[in-house]
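Q: Have a look at this one.
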Amino acid sequence: MNISLKYGFWGLGMGGTSIAHACAGIKLSAKNVQRPYTALLVNSNEMDLLKLPDYPNTKKMILLGYERGVGRDIQLGQEAFNTHKVIISETVQSYFSDRDYIFISCGLGGGTGTGAIIEAIRLLHTTGFAGRFGLLLTLPRRNEGRKVLDNALQRLQVIKRAMQGLGAIVVVDNEKLFQTGLNQNQSVEDFMKSSNRHVARLLHDLNTVTASYKPYGSYHFDASEWLNMLKTGGCLHIGKCTLSAQSVDLSSPVTYMDVMKQSVLHGELSTGYDLQGATSSAVSIVADSSAAKKLFTHSFVEQIQSFLHECTPILDENPVATYVWDKPGQVTIYTVFAGLNFPNSVTELTEELAELERKAQERSQQTDEIAVALAGFKSQGKKEKVDLEALLSDEAPSSAPDTDTPKDPFSFLDRM
C-alpha cells in the first residue's frame, strides 16, 4: 500500500489527542507495519495523555501548570496554550516540517482543545503552514449538557466566519455515529475508540485509493487533486458504500445507485449537508479485475455522473475514477464533496442549547418565585407571631370588651 499525502495530526485536548493518536496508529497493511502518519498530542491533563500508548511516530506535550485539566473552561484552555505558545510553535515547525498536510483535531465542547483551537489555527497560519492544514472536529452528543454545547458553539461561530480561509473541515458527529450504531452495547471508552479508528481508517483509505490501485479507464483522481480538495475552504463530506459485485445489474441501475445515494445522503462521519453548495466533488470506485471488466462500462459511469450533476449542478465537472484492487467480489464506492457549509447537526446543537437555556431560565424564574413566596410566608409568619404575642399580652386591648371575661384569658389555669 502506498499513500498520496503524508498527513500530520495535531491533537488538542482529550478528544483531539485521542483521534490524532488513532490516526497515527494506522499501519500501511497487515504485512507492512510501518505507520506513515505523525501526531503531536497536546493536552493539559497529564493522566489523559499517559493512558495513550507511546508510538515512535507520536510526541506528547503536557501543558505544565495545568496538569489537572481546565474543567471545561475554554478561557483557561486558551490561557494554557498561550502560556506555552513559544515552545509549541517551535515543536510544530520542526515536527511537521516534512508533512504535506496537517489536521488539527479537537473534540469540541471541552476546555483545553476547544479553548486552544483558534490559537492553534492562528499559529499554523502564521508559521509557514498556511494553505496546507485543515480541521478535524468532533461535535458533542446532544445530551452532554449546556456547558459543553455552549463551548462547542462558541468556537464554531468563530470558525464559520473564517472557514473560507482555512482548508477542509472534517466534521465528526458523535451523535450520528452513536445513533447509526458502531456498537451501542459498548462501553463509552470502547465506543470512542471504535469511533476514532473509524475516522482514521476512512481518511487513510481515501489517501491510499489515489496511490495504491491501478486506474481502470481514462480518468485518475490523483494525489494532487486530493490535495486540492483538502485545501478547499469549507466542510468535506465523505460517503462510502460496499456492494457485492454479483448484486450489481447494469441493466437495472437501482441495484447500485440506491445504495450509493444513501451513502451520500447519510455520510460516514456527519450528515445533513446542502450538496448544491459544493465547490468540487469526486467519486472513486474500486473492484477486482473481473468485476471491473464487467461493471466499469460507459453506462455505469454515466449513471453516477448524472447523480453527481443532480447533487452539484454548478460544478464544471463531476469526475468518476475507477480502479482495480485485489479484493474479489467486492465493489467499494467513495464519494467526496468539498467546500460545503456546516451540516444540519450544528443547527440542531444550536436548537438544543436554546431549549436548555429556555428550561434553565424557567427554572430560574420558578426559583425566584418560590423565593419570593417563601420570603412572604416568613414575613407573614413573623407578623402572625407578633399578633399572637400581643393577643396573649396583659396589655393587649380586647376587640369586644366583656366584663364577665377575666383580663387574663388564661387566668382560669390558676384556679385549677
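Naming works like this for the C-alpha cells: A, B, ... for the chains as they're shown, residue 1 at the start of each chain, ligands 1 onward in shown order.
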Please return, as JSON, numbers by chain, all residues of segment 165-352 of chain A that DSSP assigns to helix (DSSP H, G or I) on the basis of the backbone.
A: {"A": [165, 174, 175, 176, 177, 178, 179, 188, 189, 190, 191, 192, 193, 194, 195, 196, 197, 198, 199, 200, 201, 202, 203, 204, 205, 206, 207, 208, 209, 210, 211, 212, 223, 224, 225, 226, 227, 228, 229, 230, 231, 245, 246, 247, 254, 255, 256, 257, 258, 259, 260, 261, 262, 263, 264, 265, 266, 275, 276, 277, 289, 290, 291, 292, 293, 294, 295, 298, 299, 300, 301, 302, 303, 304, 305, 306, 307, 308, 309, 310, 311, 344, 345, 346, 347, 348, 349, 350, 351, 352]}
Q: Using only C-alpha atoms, which protein or nucleic acid residues come within 8 Å of Pro215 of chain A? Drop anything in the same chain fewer than 2 positions from it, and give the result as a PyMOL selection string.
A: chain A and resi 213+217-220+321-324
Q: Using only N, CA and C atoms, please write the residues we just selected to a file, as an mmCIF file, in the first residue's frame.
A:
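New file out15.cif:
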```cif
data_model
loop_
_atom_site.group_PDB
_atom_site.id
_atom_site.type_symbol
_atom_site.label_atom_id
_atom_site.label_comp_id
_atom_site.auth_asym_id
_atom_site.auth_seq_id
_atom_site.Cartn_x
_atom_site.Cartn_y
_atom_site.Cartn_z
ATOM 1 N N TYR A 213 -3.892 1.812 -6.166
ATOM 2 C CA TYR A 213 -4.622 0.944 -7.079
ATOM 3 C C TYR A 213 -4.448 1.386 -8.532
ATOM 4 N N GLY A 217 -9.535 2.829 -16.868
ATOM 5 C CA GLY A 217 -10.260 3.832 -17.642
ATOM 6 C C GLY A 217 -9.396 5.051 -17.875
ATOM 7 N N SER A 218 -10.004 6.087 -18.393
ATOM 8 C CA SER A 218 -9.255 7.260 -18.837
ATOM 9 C C SER A 218 -9.023 8.287 -17.743
ATOM 10 N N TYR A 219 -9.750 8.194 -16.627
ATOM 11 C CA TYR A 219 -9.623 9.223 -15.601
ATOM 12 C C TYR A 219 -9.037 8.652 -14.328
ATOM 13 N N HIS A 220 -8.114 9.428 -13.735
ATOM 14 C CA HIS A 220 -7.475 9.022 -12.487
ATOM 15 C C HIS A 220 -7.512 10.206 -11.524
ATOM 16 N N ALA A 321 -13.628 8.207 -11.002
ATOM 17 C CA ALA A 321 -12.410 7.432 -11.253
ATOM 18 C C ALA A 321 -12.644 5.978 -10.875
ATOM 19 N N THR A 322 -12.181 5.070 -11.709
ATOM 20 C CA THR A 322 -12.345 3.630 -11.460
ATOM 21 C C THR A 322 -10.974 2.984 -11.296
ATOM 22 N N TYR A 323 -10.920 2.013 -10.386
ATOM 23 C CA TYR A 323 -9.646 1.375 -10.059
ATOM 24 C C TYR A 323 -9.841 -0.131 -9.899
ATOM 25 N N VAL A 324 -8.715 -0.830 -9.980
ATOM 26 C CA VAL A 324 -8.705 -2.279 -9.770
ATOM 27 C C VAL A 324 -7.903 -2.585 -8.513
#
```
Q: Run DSSP on the backbone and grab whatever in segment 24-271 of chain A lands in strand (DSSP E or B); send it over as a ChimeraX atom specification.
A: /A:38-43,58-62,101-107,133-139,168-173,214-215,234-244
Q: Using only C-alpha atoms, which protein or nucleic acid residues come within 8 Å of Gly134 of chain A? Drop anything in the same chain fewer than 4 positions from it, and give the result as a PyMOL selection string.
A: chain A and resi 101-104+166-170+230-231
Q: Kindly export the residues of the current selection with all heavy atoms, as a PDB file, in the first residue's frame.
A:
```pdb
ATOM      1  N   TYR A 101       0.272  17.704   4.612  1.00  0.00           N
ATOM      2  CA  TYR A 101      -0.995  18.284   5.070  1.00  0.00           C
ATOM      3  C   TYR A 101      -1.171  17.953   6.544  1.00  0.00           C
ATOM      4  O   TYR A 101      -0.844  16.844   6.983  1.00  0.00           O
ATOM      5  CB  TYR A 101      -2.165  17.720   4.265  1.00  0.00           C
ATOM      6  CG  TYR A 101      -3.463  18.482   4.446  1.00  0.00           C
ATOM      7  CD1 TYR A 101      -3.709  19.632   3.702  1.00  0.00           C
ATOM      8  CD2 TYR A 101      -4.429  18.063   5.357  1.00  0.00           C
ATOM      9  CE1 TYR A 101      -4.897  20.342   3.856  1.00  0.00           C
ATOM     10  CE2 TYR A 101      -5.606  18.765   5.518  1.00  0.00           C
ATOM     11  CZ  TYR A 101      -5.844  19.905   4.767  1.00  0.00           C
ATOM     12  OH  TYR A 101      -7.008  20.602   4.922  1.00  0.00           O
ATOM     13  N   ILE A 102      -1.692  18.931   7.292  1.00  0.00           N
ATOM     14  CA  ILE A 102      -1.867  18.768   8.735  1.00  0.00           C
ATOM     15  C   ILE A 102      -3.338  18.928   9.099  1.00  0.00           C
ATOM     16  O   ILE A 102      -4.008  19.841   8.619  1.00  0.00           O
ATOM     17  CB  ILE A 102      -1.043  19.816   9.514  1.00  0.00           C
ATOM     18  CG1 ILE A 102       0.445  19.670   9.189  1.00  0.00           C
ATOM     19  CG2 ILE A 102      -1.251  19.670  11.024  1.00  0.00           C
ATOM     20  CD1 ILE A 102       1.275  20.845   9.660  1.00  0.00           C
ATOM     21  N   PHE A 103      -3.818  18.030   9.928  1.00  0.00           N
ATOM     22  CA  PHE A 103      -5.154  18.147  10.516  1.00  0.00           C
ATOM     23  C   PHE A 103      -5.001  18.572  11.974  1.00  0.00           C
ATOM     24  O   PHE A 103      -4.311  17.904  12.745  1.00  0.00           O
ATOM     25  CB  PHE A 103      -5.902  16.823  10.476  1.00  0.00           C
ATOM     26  CG  PHE A 103      -6.392  16.399   9.126  1.00  0.00           C
ATOM     27  CD1 PHE A 103      -5.672  15.483   8.375  1.00  0.00           C
ATOM     28  CD2 PHE A 103      -7.582  16.897   8.614  1.00  0.00           C
ATOM     29  CE1 PHE A 103      -6.126  15.075   7.129  1.00  0.00           C
ATOM     30  CE2 PHE A 103      -8.047  16.502   7.373  1.00  0.00           C
ATOM     31  CZ  PHE A 103      -7.323  15.588   6.619  1.00  0.00           C
ATOM     32  N   ILE A 104      -5.649  19.675  12.352  1.00  0.00           N
ATOM     33  CA  ILE A 104      -5.792  19.995  13.774  1.00  0.00           C
ATOM     34  C   ILE A 104      -7.034  19.271  14.258  1.00  0.00           C
ATOM     35  O   ILE A 104      -8.142  19.540  13.795  1.00  0.00           O
ATOM     36  CB  ILE A 104      -5.972  21.504  14.010  1.00  0.00           C
ATOM     37  CG1 ILE A 104      -4.828  22.302  13.403  1.00  0.00           C
ATOM     38  CG2 ILE A 104      -6.074  21.793  15.504  1.00  0.00           C
ATOM     39  CD1 ILE A 104      -5.007  23.813  13.528  1.00  0.00           C
ATOM     40  N   LEU A 166      -9.568  28.786   5.557  1.00  0.00           N
ATOM     41  CA  LEU A 166      -8.934  27.573   6.079  1.00  0.00           C
ATOM     42  C   LEU A 166      -8.960  26.478   5.021  1.00  0.00           C
ATOM     43  O   LEU A 166      -9.510  26.649   3.936  1.00  0.00           O
ATOM     44  CB  LEU A 166      -9.663  27.106   7.341  1.00  0.00           C
ATOM     45  CG  LEU A 166      -9.781  28.109   8.480  1.00  0.00           C
ATOM     46  CD1 LEU A 166     -10.677  27.548   9.569  1.00  0.00           C
ATOM     47  CD2 LEU A 166      -8.415  28.441   9.038  1.00  0.00           C
ATOM     48  N   GLY A 167      -8.378  25.343   5.356  1.00  0.00           N
ATOM     49  CA  GLY A 167      -8.507  24.179   4.492  1.00  0.00           C
ATOM     50  C   GLY A 167      -9.784  23.427   4.827  1.00  0.00           C
ATOM     51  O   GLY A 167     -10.712  23.967   5.439  1.00  0.00           O
ATOM     52  N   ALA A 168      -9.829  22.173   4.443  1.00  0.00           N
ATOM     53  CA  ALA A 168     -11.031  21.356   4.638  1.00  0.00           C
ATOM     54  C   ALA A 168     -11.333  21.165   6.124  1.00  0.00           C
ATOM     55  O   ALA A 168     -10.421  21.013   6.947  1.00  0.00           O
ATOM     56  CB  ALA A 168     -10.853  20.004   3.969  1.00  0.00           C
ATOM     57  N   ILE A 169     -12.614  21.176   6.439  1.00  0.00           N
ATOM     58  CA  ILE A 169     -13.080  20.905   7.803  1.00  0.00           C
ATOM     59  C   ILE A 169     -13.846  19.586   7.770  1.00  0.00           C
ATOM     60  O   ILE A 169     -14.897  19.489   7.143  1.00  0.00           O
ATOM     61  CB  ILE A 169     -13.988  22.028   8.323  1.00  0.00           C
ATOM     62  CG1 ILE A 169     -13.242  23.368   8.310  1.00  0.00           C
ATOM     63  CG2 ILE A 169     -14.490  21.707   9.727  1.00  0.00           C
ATOM     64  CD1 ILE A 169     -14.116  24.556   8.655  1.00  0.00           C
ATOM     65  N   VAL A 170     -13.296  18.581   8.419  1.00  0.00           N
ATOM     66  CA  VAL A 170     -13.960  17.277   8.518  1.00  0.00           C
ATOM     67  C   VAL A 170     -14.726  17.248   9.830  1.00  0.00           C
ATOM     68  O   VAL A 170     -14.125  17.296  10.908  1.00  0.00           O
ATOM     69  CB  VAL A 170     -12.942  16.122   8.452  1.00  0.00           C
ATOM     70  CG1 VAL A 170     -13.653  14.778   8.570  1.00  0.00           C
ATOM     71  CG2 VAL A 170     -12.133  16.190   7.160  1.00  0.00           C
ATOM     72  N   LEU A 230      -8.478  18.949  -0.190  1.00  0.00           N
ATOM     73  CA  LEU A 230      -8.165  19.189   1.216  1.00  0.00           C
ATOM     74  C   LEU A 230      -7.800  20.648   1.472  1.00  0.00           C
ATOM     75  O   LEU A 230      -7.942  21.142   2.595  1.00  0.00           O
ATOM     76  CB  LEU A 230      -7.015  18.288   1.672  1.00  0.00           C
ATOM     77  CG  LEU A 230      -7.332  16.804   1.796  1.00  0.00           C
ATOM     78  CD1 LEU A 230      -6.078  16.014   2.146  1.00  0.00           C
ATOM     79  CD2 LEU A 230      -8.417  16.552   2.834  1.00  0.00           C
ATOM     80  N   LYS A 231      -7.355  21.348   0.447  1.00  0.00           N
ATOM     81  CA  LYS A 231      -7.027  22.760   0.590  1.00  0.00           C
ATOM     82  C   LYS A 231      -8.248  23.663   0.427  1.00  0.00           C
ATOM     83  O   LYS A 231      -8.171  24.863   0.671  1.00  0.00           O
ATOM     84  CB  LYS A 231      -5.969  23.158  -0.439  1.00  0.00           C
ATOM     85  CG  LYS A 231      -4.578  22.607  -0.154  1.00  0.00           C
ATOM     86  CD  LYS A 231      -3.592  23.089  -1.214  1.00  0.00           C
ATOM     87  CE  LYS A 231      -2.179  22.640  -0.884  1.00  0.00           C
ATOM     88  NZ  LYS A 231      -1.201  23.128  -1.902  1.00  0.00           N
TER      89      LYS A 231
END
```
Q: How close does each residue of segment 314-357 of chain A get to segment 272-275 of chain A, giving the shortest atom pair and distance in Å to one decimal for every residue with an atom at most 8 Å away, counting only C-alpha atoms, sorted by chain and residue number, as a Markdown table?
A:
```
| residue | atom | partner | partner_atom | distance |
| --- | --- | --- | --- | --- |
| A:Phe337 | CA | A:Leu275 | CA | 7.3 |
| A:Leu340 | CA | A:Leu275 | CA | 6.9 |
| A:Asn341 | CA | A:Tyr273 | CA | 7.1 |
| A:Phe342 | CA | A:Tyr273 | CA | 6.9 |
| A:Pro343 | CA | A:Tyr273 | CA | 4.6 |
| A:Asn344 | CA | A:Gly272 | CA | 4.8 |
| A:Ser345 | CA | A:Gly272 | CA | 6.8 |
```
Q: How would the residues just picked look written out with C-alpha atoms as a PDB file, in the first residue's frame?
A:
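Result went into selection32.pdb, see below:
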```
ATOM      1  CA  PHE A 337     -17.724  16.766  -1.662  1.00  0.00           C
ATOM      2  CA  LEU A 340     -19.687  22.896   1.991  1.00  0.00           C
ATOM      3  CA  ASN A 341     -21.314  24.846   4.791  1.00  0.00           C
ATOM      4  CA  PHE A 342     -21.689  23.250   8.228  1.00  0.00           C
ATOM      5  CA  PRO A 343     -24.138  20.322   8.380  1.00  0.00           C
ATOM      6  CA  ASN A 344     -27.601  20.431   9.942  1.00  0.00           C
ATOM      7  CA  SER A 345     -26.227  18.801  13.084  1.00  0.00           C
TER       8      SER A 345
END
```
Q: At a cut-off of 7 Å, using only C-alpha atoms, what residues contact segment 137-151 of chain A? Leave out same-chain residues fewer than 6 positions from it and give the result as an NGL selection string.
A: :A and (74 or 105-110 or 170-175 or 349 or 352-353 or 356)
Q: Store the residues picked out above, limited to N, CA, C and O atoms, as a short mmCIF file (atom, residue, chain, number, x, y, z; two decimals), in the first residue's frame.
A:
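Full text of selection.cif as output:
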```
data_model
loop_
_atom_site.label_atom_id
_atom_site.label_comp_id
_atom_site.auth_asym_id
_atom_site.auth_seq_id
_atom_site.Cartn_x
_atom_site.Cartn_y
_atom_site.Cartn_z
N ILE A 74 -13.03 27.24 28.64
CA ILE A 74 -12.30 27.46 27.38
C ILE A 74 -11.36 28.66 27.49
O ILE A 74 -10.34 28.70 26.78
N SER A 105 -6.87 18.34 15.17
CA SER A 105 -8.02 17.56 15.65
C SER A 105 -8.41 18.03 17.05
O SER A 105 -7.56 18.25 17.91
N CYS A 106 -9.71 18.17 17.24
CA CYS A 106 -10.23 18.71 18.50
C CYS A 106 -11.62 18.16 18.76
O CYS A 106 -12.46 18.15 17.85
N GLY A 107 -11.86 17.71 19.96
CA GLY A 107 -13.20 17.34 20.38
C GLY A 107 -13.88 18.55 20.97
O GLY A 107 -13.57 18.98 22.08
N LEU A 108 -14.78 19.17 20.22
CA LEU A 108 -15.41 20.42 20.66
C LEU A 108 -16.30 20.20 21.88
O LEU A 108 -17.05 19.22 21.93
N GLY A 109 -16.22 21.12 22.81
CA GLY A 109 -17.07 21.06 24.00
C GLY A 109 -16.30 21.04 25.29
O GLY A 109 -16.81 21.44 26.33
N GLY A 110 -15.06 20.56 25.24
CA GLY A 110 -14.26 20.51 26.45
C GLY A 110 -13.59 21.84 26.73
O GLY A 110 -14.00 22.88 26.23
N VAL A 170 -13.30 18.58 8.42
CA VAL A 170 -13.96 17.28 8.52
C VAL A 170 -14.73 17.25 9.83
O VAL A 170 -14.13 17.30 10.91
N VAL A 171 -16.05 17.20 9.74
CA VAL A 171 -16.90 17.21 10.93
C VAL A 171 -17.31 15.79 11.28
O VAL A 171 -17.86 15.06 10.45
N VAL A 172 -17.02 15.41 12.51
CA VAL A 172 -17.39 14.08 13.01
C VAL A 172 -18.50 14.28 14.04
O VAL A 172 -18.28 14.88 15.09
N ASP A 173 -19.69 13.82 13.72
CA ASP A 173 -20.85 13.99 14.60
C ASP A 173 -20.99 12.75 15.48
O ASP A 173 -21.45 11.70 15.03
N ASN A 174 -20.60 12.88 16.74
CA ASN A 174 -20.67 11.73 17.65
C ASN A 174 -22.10 11.22 17.83
O ASN A 174 -22.31 10.02 18.04
N GLU A 175 -23.07 12.12 17.75
CA GLU A 175 -24.46 11.70 17.87
C GLU A 175 -24.84 10.77 16.72
O GLU A 175 -25.48 9.75 16.91
N LEU A 349 -27.55 21.39 17.29
CA LEU A 349 -26.89 21.71 18.56
C LEU A 349 -27.33 23.08 19.05
O LEU A 349 -27.56 23.28 20.25
N GLU A 352 -30.78 22.76 20.42
CA GLU A 352 -30.75 22.05 21.71
C GLU A 352 -30.27 22.97 22.82
O GLU A 352 -30.83 22.99 23.92
N LEU A 353 -29.24 23.78 22.52
CA LEU A 353 -28.74 24.72 23.52
C LEU A 353 -29.80 25.76 23.86
O LEU A 353 -29.99 26.11 25.03
N LEU A 356 -32.24 24.20 26.17
CA LEU A 356 -31.68 24.08 27.51
C LEU A 356 -31.64 25.42 28.22
O LEU A 356 -31.91 25.52 29.42
#
```
Q: With only C-alpha atoms as the basis for distance, which of A:Ser251, A:Gln186, A:Thr350, A:Asn207 is at the shortest distance from Ser284 of chain A?
A: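 Selected residue with least distance to Ser284 of chain A: A:Asn207.
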Q: If we count only C-alpha atoms, what is near Met14 of chain A at a cut-off of 8 Å, once residues fewer than 3 positions away on the same chain are taken out, given as a list in words?
A: Thr17, Ser18, Asn43, Asn45, Asp48, Leu49, Gly107, Thr112 and Gly113 of chain A
Q: Between A:Trp10, A:Phe133, A:Tyr256, A:Tyr334, which has the minimum distance to Thr232 of chain A (counting only C-alpha atoms)?
A: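 Comparing A:Trp10, A:Phe133, A:Tyr256, A:Tyr334 against Thr232 of chain A, the winner is A:Phe133.
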Q: Of the candidates A:Leu123, A:Ala39, A:Leu136, A:Ala278, which shows the shortest atom-to-atom distance to Leu52 of chain A, using only C-alpha atoms?
A: A:Ala39
Q: Please report the interatomic distance between atom CA of Gly77 of chain A and atom CA of Thr114 of chain A in Å with one decimal.
A: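 Separation of atom CA of Gly77 of chain A and atom CA of Thr114 of chain A: 7.3 Å.
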Q: Quick one: residues within 8 Å of Lys176 of chain A, only C-alpha atoms, excluding same-chain residues fewer than 2 positions away - as an mmCIF file with N, CA and C atoms, in the first residue's frame?
A:
```
data_model
loop_
_atom_site.group_PDB
_atom_site.id
_atom_site.type_symbol
_atom_site.label_atom_id
_atom_site.label_comp_id
_atom_site.auth_asym_id
_atom_site.auth_seq_id
_atom_site.Cartn_x
_atom_site.Cartn_y
_atom_site.Cartn_z
ATOM 1 N N ASP A 173 -19.686 13.820 13.724
ATOM 2 C CA ASP A 173 -20.848 13.993 14.600
ATOM 3 C C ASP A 173 -20.987 12.752 15.482
ATOM 4 N N ASN A 174 -20.603 12.878 16.744
ATOM 5 C CA ASN A 174 -20.669 11.729 17.653
ATOM 6 C C ASN A 174 -22.095 11.220 17.830
ATOM 7 N N PHE A 178 -23.191 7.365 17.093
ATOM 8 C CA PHE A 178 -23.854 6.560 18.121
ATOM 9 C C PHE A 178 -25.192 6.039 17.627
ATOM 10 N N GLN A 179 -25.988 6.912 17.000
ATOM 11 C CA GLN A 179 -27.326 6.522 16.564
ATOM 12 C C GLN A 179 -27.283 5.509 15.432
ATOM 13 N N THR A 180 -26.304 5.626 14.542
ATOM 14 C CA THR A 180 -26.199 4.655 13.453
ATOM 15 C C THR A 180 -25.547 3.374 13.939
ATOM 16 N N LEU A 269 -19.348 10.274 8.423
ATOM 17 C CA LEU A 269 -18.972 10.938 9.670
ATOM 18 C C LEU A 269 -19.992 11.956 10.150
ATOM 19 N N SER A 270 -20.735 12.540 9.232
ATOM 20 C CA SER A 270 -21.764 13.520 9.572
ATOM 21 C C SER A 270 -22.740 13.601 8.408
ATOM 22 N N THR A 271 -23.902 14.187 8.661
ATOM 23 C CA THR A 271 -24.948 14.206 7.646
ATOM 24 C C THR A 271 -25.654 15.556 7.654
#
```
Q: For a test of reading the model, state the distance in Å between atom CA of Thr335 of chain A and atom CA of Ala282 of chain A, rounded to one decimal.
A: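 These atoms are spaced 5.9 Å apart.
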